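Okay, start24.pdb is below, PDB, C-alpha atoms:
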ATOM      1  CA  MET Q   1     165.172 149.054  86.773
ATOM      2  CA  THR Q   2     168.130 147.297  88.395
ATOM      3  CA  LEU Q   3     170.541 145.163  86.378
ATOM      4  CA  ARG Q   4     169.026 142.020  87.897
ATOM      5  CA  ALA Q   5     165.489 143.128  86.981
ATOM      6  CA  ILE Q   6     166.536 143.751  83.374
ATOM      7  CA  HIS Q   7     168.311 140.389  83.395
ATOM      8  CA  ARG Q   8     165.077 138.681  84.433
ATOM      9  CA  THR Q   9     163.031 140.488  81.801
ATOM     10  CA  SER Q  10     165.543 139.591  79.116
ATOM     11  CA  ALA Q  11     165.576 135.996  80.392
ATOM     12  CA  MET Q  12     161.794 135.731  80.005
ATOM     13  CA  LEU Q  13     161.985 136.767  76.346
ATOM     14  CA  ILE Q  14     164.823 134.355  75.645
ATOM     15  CA  THR Q  15     163.014 131.562  77.503
ATOM     16  CA  ALA Q  16     159.892 132.112  75.395
ATOM     17  CA  PHE Q  17     161.980 131.749  72.234
ATOM     18  CA  ALA Q  18     163.882 128.777  73.694
ATOM     19  CA  CYS Q  19     160.590 126.972  74.425
ATOM     20  CA  LEU Q  20     159.520 127.554  70.824
ATOM     21  CA  HIS Q  21     162.911 126.320  69.613
ATOM     22  CA  ILE Q  22     162.758 123.205  71.819
ATOM     23  CA  ALA Q  23     159.220 122.482  70.607
ATOM     24  CA  ASN Q  24     160.592 122.746  67.077
ATOM     25  CA  HIS Q  25     163.232 120.130  67.871
ATOM     26  CA  LEU Q  26     160.675 117.863  69.531
ATOM     27  CA  ALA Q  27     158.602 118.058  66.358
ATOM     28  CA  SER Q  28     161.423 116.100  64.721
ATOM     29  CA  LEU Q  29     160.261 113.077  66.729
ATOM     30  CA  ALA Q  30     157.523 112.861  64.093
ATOM     31  CA  GLY Q  31     160.133 113.135  61.337
ATOM     32  CA  VAL Q  32     162.321 115.792  59.741
ATOM     33  CA  PRO Q  33     159.475 117.076  57.490
ATOM     34  CA  ALA Q  34     157.425 117.806  60.638
ATOM     35  CA  HIS Q  35     160.365 119.708  62.121
ATOM     36  CA  ILE Q  36     160.847 121.813  58.985
ATOM     37  CA  ALA Q  37     157.103 122.475  58.642
ATOM     38  CA  PHE Q  38     157.014 123.713  62.246
ATOM     39  CA  MET Q  39     160.105 125.857  61.626
ATOM     40  CA  ASP Q  40     158.634 127.441  58.504
ATOM     41  CA  VAL Q  41     155.669 128.670  60.534
ATOM     42  CA  ALA Q  42     157.733 129.780  63.563
ATOM     43  CA  ARG Q  43     160.215 131.687  61.410
ATOM     44  CA  LYS Q  44     157.447 133.972  60.202
ATOM     45  CA  LEU Q  45     157.487 135.349  63.744
ATOM     46  CA  TYR Q  46     161.072 135.221  64.999
ATOM     47  CA  ARG Q  47     162.753 136.127  61.708
ATOM     48  CA  GLN Q  48     160.920 139.405  61.493
ATOM     49  CA  PRO Q  49     163.782 141.965  61.516
ATOM     50  CA  ALA Q  50     162.520 143.758  64.629
ATOM     51  CA  VAL Q  51     161.937 140.514  66.539
ATOM     52  CA  GLU Q  52     165.285 139.073  65.488
ATOM     53  CA  LEU Q  53     167.105 142.251  66.521
ATOM     54  CA  LEU Q  54     165.357 142.201  69.902
ATOM     55  CA  LEU Q  55     166.275 138.544  70.472
ATOM     56  CA  LEU Q  56     169.911 139.081  69.497
ATOM     57  CA  SER Q  57     170.115 142.125  71.774
ATOM     58  CA  CYS Q  58     168.653 140.112  74.656
ATOM     59  CA  VAL Q  59     171.103 137.272  74.018
ATOM     60  CA  ALA Q  60     174.092 139.641  74.025
ATOM     61  CA  PHE Q  61     172.878 141.308  77.228
ATOM     62  CA  GLN Q  62     172.060 137.973  78.862
ATOM     63  CA  ILE Q  63     175.524 136.569  78.193
ATOM     64  CA  GLY Q  64     177.234 139.652  79.615
ATOM     65  CA  SER Q  65     174.998 140.133  82.637
ATOM     66  CA  GLY Q  66     174.811 136.405  83.382
ATOM     67  CA  LEU Q  67     178.577 135.990  83.454
ATOM     68  CA  TRP Q  68     178.848 139.156  85.562
ATOM     69  CA  PHE Q  69     176.492 137.716  88.192
ATOM     70  CA  VAL Q  70     178.373 134.395  88.184
ATOM     71  CA  MET Q  71     181.770 136.064  88.695
ATOM     72  CA  ARG Q  72     180.539 138.649  91.206
ATOM     73  CA  GLY Q  73     179.094 136.062  93.577
ATOM     74  CA  TRP Q  74     181.680 133.331  93.040
ATOM     75  CA  LYS Q  75     183.399 133.571  96.445
ATOM     76  CA  SER Q  76     180.280 134.309  98.491
ATOM     77  CA  ARG Q  77     177.968 131.688  96.917
ATOM     78  CA  GLU Q  78     176.813 128.975  99.333
ATOM     79  CA  GLY Q  79     174.529 125.950  99.004
ATOM     80  CA  THR Q  80     173.785 123.414  96.279
ATOM     81  CA  VAL Q  81     170.944 125.389  94.673
ATOM     82  CA  ALA Q  82     173.010 128.569  94.461
ATOM     83  CA  TRP Q  83     175.801 126.678  92.702
ATOM     84  CA  LEU Q  84     173.340 124.903  90.393
ATOM     85  CA  GLN Q  85     171.974 128.291  89.419
ATOM     86  CA  ALA Q  86     175.452 129.706  88.769
ATOM     87  CA  VAL Q  87     176.771 126.721  86.799
ATOM     88  CA  SER Q  88     173.593 126.335  84.731
ATOM     89  CA  GLY Q  89     173.637 130.084  83.999
ATOM     90  CA  ALA Q  90     177.252 129.907  82.846
ATOM     91  CA  LEU Q  91     176.454 126.913  80.600
ATOM     92  CA  ILE Q  92     173.503 128.772  79.070
ATOM     93  CA  ALA Q  93     175.674 131.814  78.377
ATOM     94  CA  LEU Q  94     178.345 129.650  76.730
ATOM     95  CA  PHE Q  95     175.756 127.805  74.645
ATOM     96  CA  LEU Q  96     174.066 131.015  73.508
ATOM     97  CA  LEU Q  97     177.405 132.486  72.444
ATOM     98  CA  ILE Q  98     178.431 129.415  70.430
ATOM     99  CA  HIS Q  99     174.980 128.709  69.036
ATOM    100  CA  VAL Q 100     174.141 132.212  67.864
ATOM    101  CA  VAL Q 101     177.555 132.665  66.237
ATOM    102  CA  ALA Q 102     177.209 129.261  64.521
ATOM    103  CA  VAL Q 103     173.745 130.072  63.170
ATOM    104  CA  ILE Q 104     174.788 133.498  61.882
ATOM    105  CA  TYR Q 105     177.905 131.963  60.301
ATOM    106  CA  GLY Q 106     175.826 129.238  58.672
ATOM    107  CA  ARG Q 107     173.342 131.709  57.242
ATOM    108  CA  THR Q 108     175.714 134.432  56.079
ATOM    109  CA  VAL Q 109     178.983 132.679  55.211
ATOM    110  CA  LEU Q 110     178.042 129.094  54.392
ATOM    111  CA  LYS Q 111     174.718 130.158  52.809
ATOM    112  CA  LEU Q 112     172.958 127.189  54.394
ATOM    113  CA  ASP Q 113     169.431 126.914  55.716
ATOM    114  CA  THR Q 114     170.072 126.474  59.444
ATOM    115  CA  ASN Q 115     167.368 123.864  59.888
ATOM    116  CA  PHE Q 116     167.375 120.353  61.406
ATOM    117  CA  TYR Q 117     170.106 119.198  59.039
ATOM    118  CA  TYR Q 118     172.422 122.014  60.104
ATOM    119  CA  ALA Q 119     171.999 121.088  63.764
ATOM    120  CA  ALA Q 120     172.242 117.337  63.148
ATOM    121  CA  ALA Q 121     175.148 117.215  60.686
ATOM    122  CA  GLY Q 122     177.810 117.169  63.397
ATOM    123  CA  PHE Q 123     176.342 113.962  64.826
ATOM    124  CA  HIS Q 124     176.891 112.189  61.533
ATOM    125  CA  VAL Q 125     180.526 113.113  60.833
ATOM    126  CA  PRO Q 126     182.749 111.310  63.371
ATOM    127  CA  PRO Q 127     184.200 112.234  65.801
ATOM    128  CA  ASN Q 128     182.120 115.426  66.079
ATOM    129  CA  GLN Q 129     179.289 113.599  67.831
ATOM    130  CA  TYR Q 130     181.411 113.440  70.984
ATOM    131  CA  PHE Q 131     181.198 117.220  71.185
ATOM    132  CA  PHE Q 132     177.637 117.776  69.998
ATOM    133  CA  ALA Q 133     175.926 115.134  72.156
ATOM    134  CA  PRO Q 134     176.976 116.695  75.506
ATOM    135  CA  TYR Q 135     176.761 120.199  73.975
ATOM    136  CA  TYR Q 136     173.041 119.914  73.221
ATOM    137  CA  PHE Q 137     172.201 117.735  76.218
ATOM    138  CA  LEU Q 138     173.818 120.025  78.783
ATOM    139  CA  ALA Q 139     172.388 123.163  77.149
ATOM    140  CA  VAL Q 140     168.790 121.946  77.427
ATOM    141  CA  LEU Q 141     169.336 120.533  80.918
ATOM    142  CA  ALA Q 142     170.945 123.813  82.020
ATOM    143  CA  LEU Q 143     167.944 125.821  80.809
ATOM    144  CA  PHE Q 144     165.452 123.699  82.732
ATOM    145  CA  THR Q 145     167.736 123.634  85.791
ATOM    146  CA  HIS Q 146     168.057 127.427  85.758
ATOM    147  CA  LEU Q 147     164.269 127.774  85.597
ATOM    148  CA  GLY Q 148     163.943 125.265  88.441
ATOM    149  CA  CYS Q 149     166.366 127.298  90.557
ATOM    150  CA  ALA Q 150     164.319 130.434  89.900
ATOM    151  CA  ALA Q 151     161.160 128.607  91.009
ATOM    152  CA  TYR Q 152     162.980 127.359  94.125
ATOM    153  CA  TRP Q 153     163.923 130.883  95.202
ATOM    154  CA  GLN Q 154     160.441 132.236  94.439
ATOM    155  CA  LEU Q 155     158.896 129.652  96.797
ATOM    156  CA  GLU Q 156     160.852 130.992  99.758
ATOM    157  CA  THR Q 157     157.942 130.594 102.183
ATOM    158  CA  ALA Q 158     156.837 127.173 100.932
ATOM    159  CA  SER Q 159     157.700 123.837 102.527
ATOM    160  CA  SER Q 160     161.066 122.195 101.910
ATOM    161  CA  LYS Q 161     159.408 119.369  99.934
ATOM    162  CA  MET Q 162     157.583 121.790  97.650
ATOM    163  CA  ARG Q 163     160.742 123.799  96.987
ATOM    164  CA  THR Q 164     162.700 120.623  96.255
ATOM    165  CA  ALA Q 165     159.983 119.453  93.853
ATOM    166  CA  ALA Q 166     159.976 122.857  92.134
ATOM    167  CA  LEU Q 167     163.662 122.300  91.344
ATOM    168  CA  ALA Q 168     163.737 118.548  90.757
ATOM    169  CA  LEU Q 169     160.772 118.298  88.379
ATOM    170  CA  PRO Q 170     162.125 120.820  85.839
ATOM    171  CA  MET Q 171     165.522 119.103  85.987
ATOM    172  CA  LEU Q 172     163.915 115.713  85.318
ATOM    173  CA  ALA Q 173     161.860 117.173  82.474
ATOM    174  CA  GLY Q 174     164.981 118.866  81.093
ATOM    175  CA  ALA Q 175     166.991 115.639  81.124
ATOM    176  CA  THR Q 176     164.162 113.813  79.328
ATOM    177  CA  VAL Q 177     163.717 116.509  76.669
ATOM    178  CA  ALA Q 178     167.482 116.818  76.214
ATOM    179  CA  LEU Q 179     167.854 113.071  75.678
ATOM    180  CA  LEU Q 180     165.030 112.990  73.128
ATOM    181  CA  ILE Q 181     166.547 115.894  71.178
ATOM    182  CA  VAL Q 182     170.021 114.334  71.138
ATOM    183  CA  LEU Q 183     168.658 110.946  70.041
ATOM    184  CA  SER Q 184     166.602 112.609  67.325
ATOM    185  CA  LEU Q 185     169.545 114.631  65.994
ATOM    186  CA  ALA Q 186     171.727 111.515  66.053
ATOM    187  CA  GLY Q 187     169.142 109.588  64.014
ATOM    188  CA  LYS Q 188     168.584 107.014  66.747
ATOM    189  CA  LEU Q 189     164.785 107.393  66.824
ATOM    190  CA  ARG Q 190     164.177 107.760  63.080
ATOM    191  CA  PRO Q 191     166.601 107.338  60.190
ATOM    192  CA  VAL Q 192     168.142 110.665  59.173
ATOM    193  CA  ASP Q 193     169.774 111.280  55.795
ATOM    194  CA  ILE Q 194     171.946 114.397  56.089
ATOM    195  CA  PRO Q 195     172.502 116.219  52.749
ATOM    196  CA  ALA Q 196     176.134 116.252  51.632
ATOM    197  CA  LYS Q 197     176.399 120.062  51.716
ATOM    198  CA  TYR Q 198     175.771 120.043  55.485
ATOM    199  CA  LYS Q 199     178.194 117.206  56.218
ATOM    200  CA  ALA Q 200     180.890 118.729  54.007
ATOM    201  CA  THR Q 201     181.676 121.557  56.439
ATOM    202  CA  TYR Q 202     182.332 119.170  59.317
ATOM    203  CA  ALA Q 203     184.186 116.714  57.104
ATOM    204  CA  THR Q 204     186.615 119.429  56.011
ATOM    205  CA  THR Q 205     187.176 120.556  59.600
ATOM    206  CA  THR Q 206     187.646 116.985  60.840
ATOM    207  CA  ILE Q 207     190.178 116.117  58.131
ATOM    208  CA  ALA Q 208     192.160 119.295  58.830
ATOM    209  CA  THR Q 209     192.206 118.509  62.558
ATOM    210  CA  LEU Q 210     193.348 114.919  62.028
ATOM    211  CA  ASN Q 211     196.093 116.019  59.649
ATOM    212  CA  HIS Q 212     197.268 118.574  62.207
ATOM    213  CA  LEU Q 213     197.467 115.890  64.906
ATOM    214  CA  ARG Q 214     199.578 113.531  62.796
TER     215      ARG Q 214
END
Could the structure of this file be written out as structure tokens, please?
Amino acid sequence: MTLRAIHRTSAMLITAFACLHIANHLASLAGVPAHIAFMDVARKLYRQPAVELLLLSCVAFQIGSGLWFVMRGWKSREGTVAWLQAVSGALIALFLLIHVVAVIYGRTVLKLDTNFYYAAAGFHVPPNQYFFAPYYFLAVLALFTHLGCAAYWQLETASSKMRTAALALPMLAGATVALLIVLSLAGKLRPVDIPAKYKATYATTTIATLNHLR
């Protein structure tokens, strides 16, 4: 298999997990207990050692290969769709790197359950929300955009309108889902009471940063 073929196969596995993860976040629209109940069931699958190792391996490979493709074609890339694909791919790689490291750190060092509260805590300790709102929004939008670009290229023989729709509809869906997730994490759709142990990590970091800037 070529590097690009392996990249696509790895992407399909990561996308399957990402869809499950996004569904988990959307479950929070019914309340945090619904989110955690969904997560408890899903974790029985993706926290199996073999499955988790496979996912982490795919993530590591996807980050490396994705950035390689972005850099290799940087000067020769032409057209809006090609650039959308490259930029969205780079954003996904950056998000995966930060997100996976943060989750592993939370589980192993902070000894926290990396559930809804872990993801939402940053929204509730100012000024961290100014990082986390675009961080989550752009990550979800980038995923849907990247999938839309893939659909666009697959429909090479289709009409221009169909190819445009294949790209635009996933982007619209991605923006909608991203907004709902951000609003949910920020407690704008339902009240969210973040436990002190989750907020404490961000509070310590924020205070240290402010003191450094004085």
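Computed from the coordinates, the CA of Val177 (chain Q) to CA of Leu97 (chain Q) distance equals 21.5 Å.
Between CA of Ala175 (chain Q) and CA of Phe137 (chain Q) lies a distance of 7.5 Å.
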Subject >> Selected residue of minimal separation from Val192 (chain Q) among Q:Leu29, Q:Trp68, Q:Leu94, Q:Phe38, counting only C-alpha atoms >> reply: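 Between Q:Leu29, Q:Trp68, Q:Leu94, Q:Phe38, the residue approaching Val192 (chain Q) most closely is Q:Leu29.
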Subject >> For Asp40 (chain Q): contacts at 12 Å, all atoms listed in the file, fewer than 4 positions along chain excluded, given as a PyMOL selection string >> reply: chain Q and resi 21+24+33-36+44-47+113-116
Written as a short mmCIF file (atom, residue, chain, number, x, y, z; two decimals) with C-alpha atoms, in the coordinates of the input, what is the full residue list that the PyMOL selection byres ((chain Q and resi 20) around 12) yields on the file shown?
data_model
loop_
_atom_site.label_atom_id
_atom_site.label_comp_id
_atom_site.auth_asym_id
_atom_site.auth_seq_id
_atom_site.Cartn_x
_atom_site.Cartn_y
_atom_site.Cartn_z
CA LEU Q 13 161.99 136.77 76.35
CA ILE Q 14 164.82 134.35 75.64
CA THR Q 15 163.01 131.56 77.50
CA ALA Q 16 159.89 132.11 75.40
CA PHE Q 17 161.98 131.75 72.23
CA ALA Q 18 163.88 128.78 73.69
CA CYS Q 19 160.59 126.97 74.42
CA HIS Q 21 162.91 126.32 69.61
CA ILE Q 22 162.76 123.20 71.82
CA ALA Q 23 159.22 122.48 70.61
CA ASN Q 24 160.59 122.75 67.08
CA HIS Q 25 163.23 120.13 67.87
CA LEU Q 26 160.68 117.86 69.53
CA ALA Q 27 158.60 118.06 66.36
CA HIS Q 35 160.36 119.71 62.12
CA PHE Q 38 157.01 123.71 62.25
CA MET Q 39 160.10 125.86 61.63
CA VAL Q 41 155.67 128.67 60.53
CA ALA Q 42 157.73 129.78 63.56
CA ARG Q 43 160.22 131.69 61.41
CA LEU Q 45 157.49 135.35 63.74
CA TYR Q 46 161.07 135.22 65.00
#
Subject >> Who sits within 9 Å of Ala86 (chain Q), all atoms listed in the file, same chain under 4 positions skipped, as an MDAnalysis selection string >> reply: chainID Q and resid 66:67 69:71 73:74 77 81:82 90:91 146
Next, the residues of the selection above should be written as a PDB file, keeping the file's coordinate frame with C-alpha atoms.
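Writing done, so here's again-v4.pdb:
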ATOM      1  CA  GLY Q  66     174.811 136.405  83.382  1.00  0.00           C
ATOM      2  CA  LEU Q  67     178.577 135.990  83.454  1.00  0.00           C
ATOM      3  CA  PHE Q  69     176.492 137.716  88.192  1.00  0.00           C
ATOM      4  CA  VAL Q  70     178.373 134.395  88.184  1.00  0.00           C
ATOM      5  CA  MET Q  71     181.770 136.064  88.695  1.00  0.00           C
ATOM      6  CA  GLY Q  73     179.094 136.062  93.577  1.00  0.00           C
ATOM      7  CA  TRP Q  74     181.680 133.331  93.040  1.00  0.00           C
ATOM      8  CA  ARG Q  77     177.968 131.688  96.917  1.00  0.00           C
ATOM      9  CA  VAL Q  81     170.944 125.389  94.673  1.00  0.00           C
ATOM     10  CA  ALA Q  82     173.010 128.569  94.461  1.00  0.00           C
ATOM     11  CA  ALA Q  90     177.252 129.907  82.846  1.00  0.00           C
ATOM     12  CA  LEU Q  91     176.454 126.913  80.600  1.00  0.00           C
ATOM     13  CA  HIS Q 146     168.057 127.427  85.758  1.00  0.00           C
TER      14      HIS Q 146
END
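The residue that comes closest to Arg190 (chain Q), out of Q:Ala121, Q:Ile6, Q:Val32, Q:Leu53 and on the basis of all atoms listed in the file, is Q:Val32.
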Subject >> Selection result for the PyMOL selection byres ((chain Q and resi 124) around 10) on this file, as a ChimeraX atom specification >> reply: /Q:120-123,125-129,185-187,192-194,198-199,202-203
Let me see the file: selected residues, C-alpha atoms, as a PDB file, keeping the file's coordinate frame.
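Below is the file out34.pdb, written as the result:
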ATOM      1  CA  ALA Q 120     172.242 117.337  63.148  1.00  0.00           C
ATOM      2  CA  ALA Q 121     175.148 117.215  60.686  1.00  0.00           C
ATOM      3  CA  GLY Q 122     177.810 117.169  63.397  1.00  0.00           C
ATOM      4  CA  PHE Q 123     176.342 113.962  64.826  1.00  0.00           C
ATOM      5  CA  VAL Q 125     180.526 113.113  60.833  1.00  0.00           C
ATOM      6  CA  PRO Q 126     182.749 111.310  63.371  1.00  0.00           C
ATOM      7  CA  PRO Q 127     184.200 112.234  65.801  1.00  0.00           C
ATOM      8  CA  ASN Q 128     182.120 115.426  66.079  1.00  0.00           C
ATOM      9  CA  GLN Q 129     179.289 113.599  67.831  1.00  0.00           C
ATOM     10  CA  LEU Q 185     169.545 114.631  65.994  1.00  0.00           C
ATOM     11  CA  ALA Q 186     171.727 111.515  66.053  1.00  0.00           C
ATOM     12  CA  GLY Q 187     169.142 109.588  64.014  1.00  0.00           C
ATOM     13  CA  VAL Q 192     168.142 110.665  59.173  1.00  0.00           C
ATOM     14  CA  ASP Q 193     169.774 111.280  55.795  1.00  0.00           C
ATOM     15  CA  ILE Q 194     171.946 114.397  56.089  1.00  0.00           C
ATOM     16  CA  TYR Q 198     175.771 120.043  55.485  1.00  0.00           C
ATOM     17  CA  LYS Q 199     178.194 117.206  56.218  1.00  0.00           C
ATOM     18  CA  TYR Q 202     182.332 119.170  59.317  1.00  0.00           C
ATOM     19  CA  ALA Q 203     184.186 116.714  57.104  1.00  0.00           C
TER      20      ALA Q 203
END
Once 6 Å is added on each side, what are the centre and the three edge lengths, in Å to one decimal, of the axis-aligned box enclosing the listed atoms of region 96-107 of chain Q? Present them as lines of an AutoDock Vina configuration file.
center_x = 175.9
center_y = 131.1
center_z = 65.4
size_x = 17.1
size_y = 16.8
size_z = 28.3
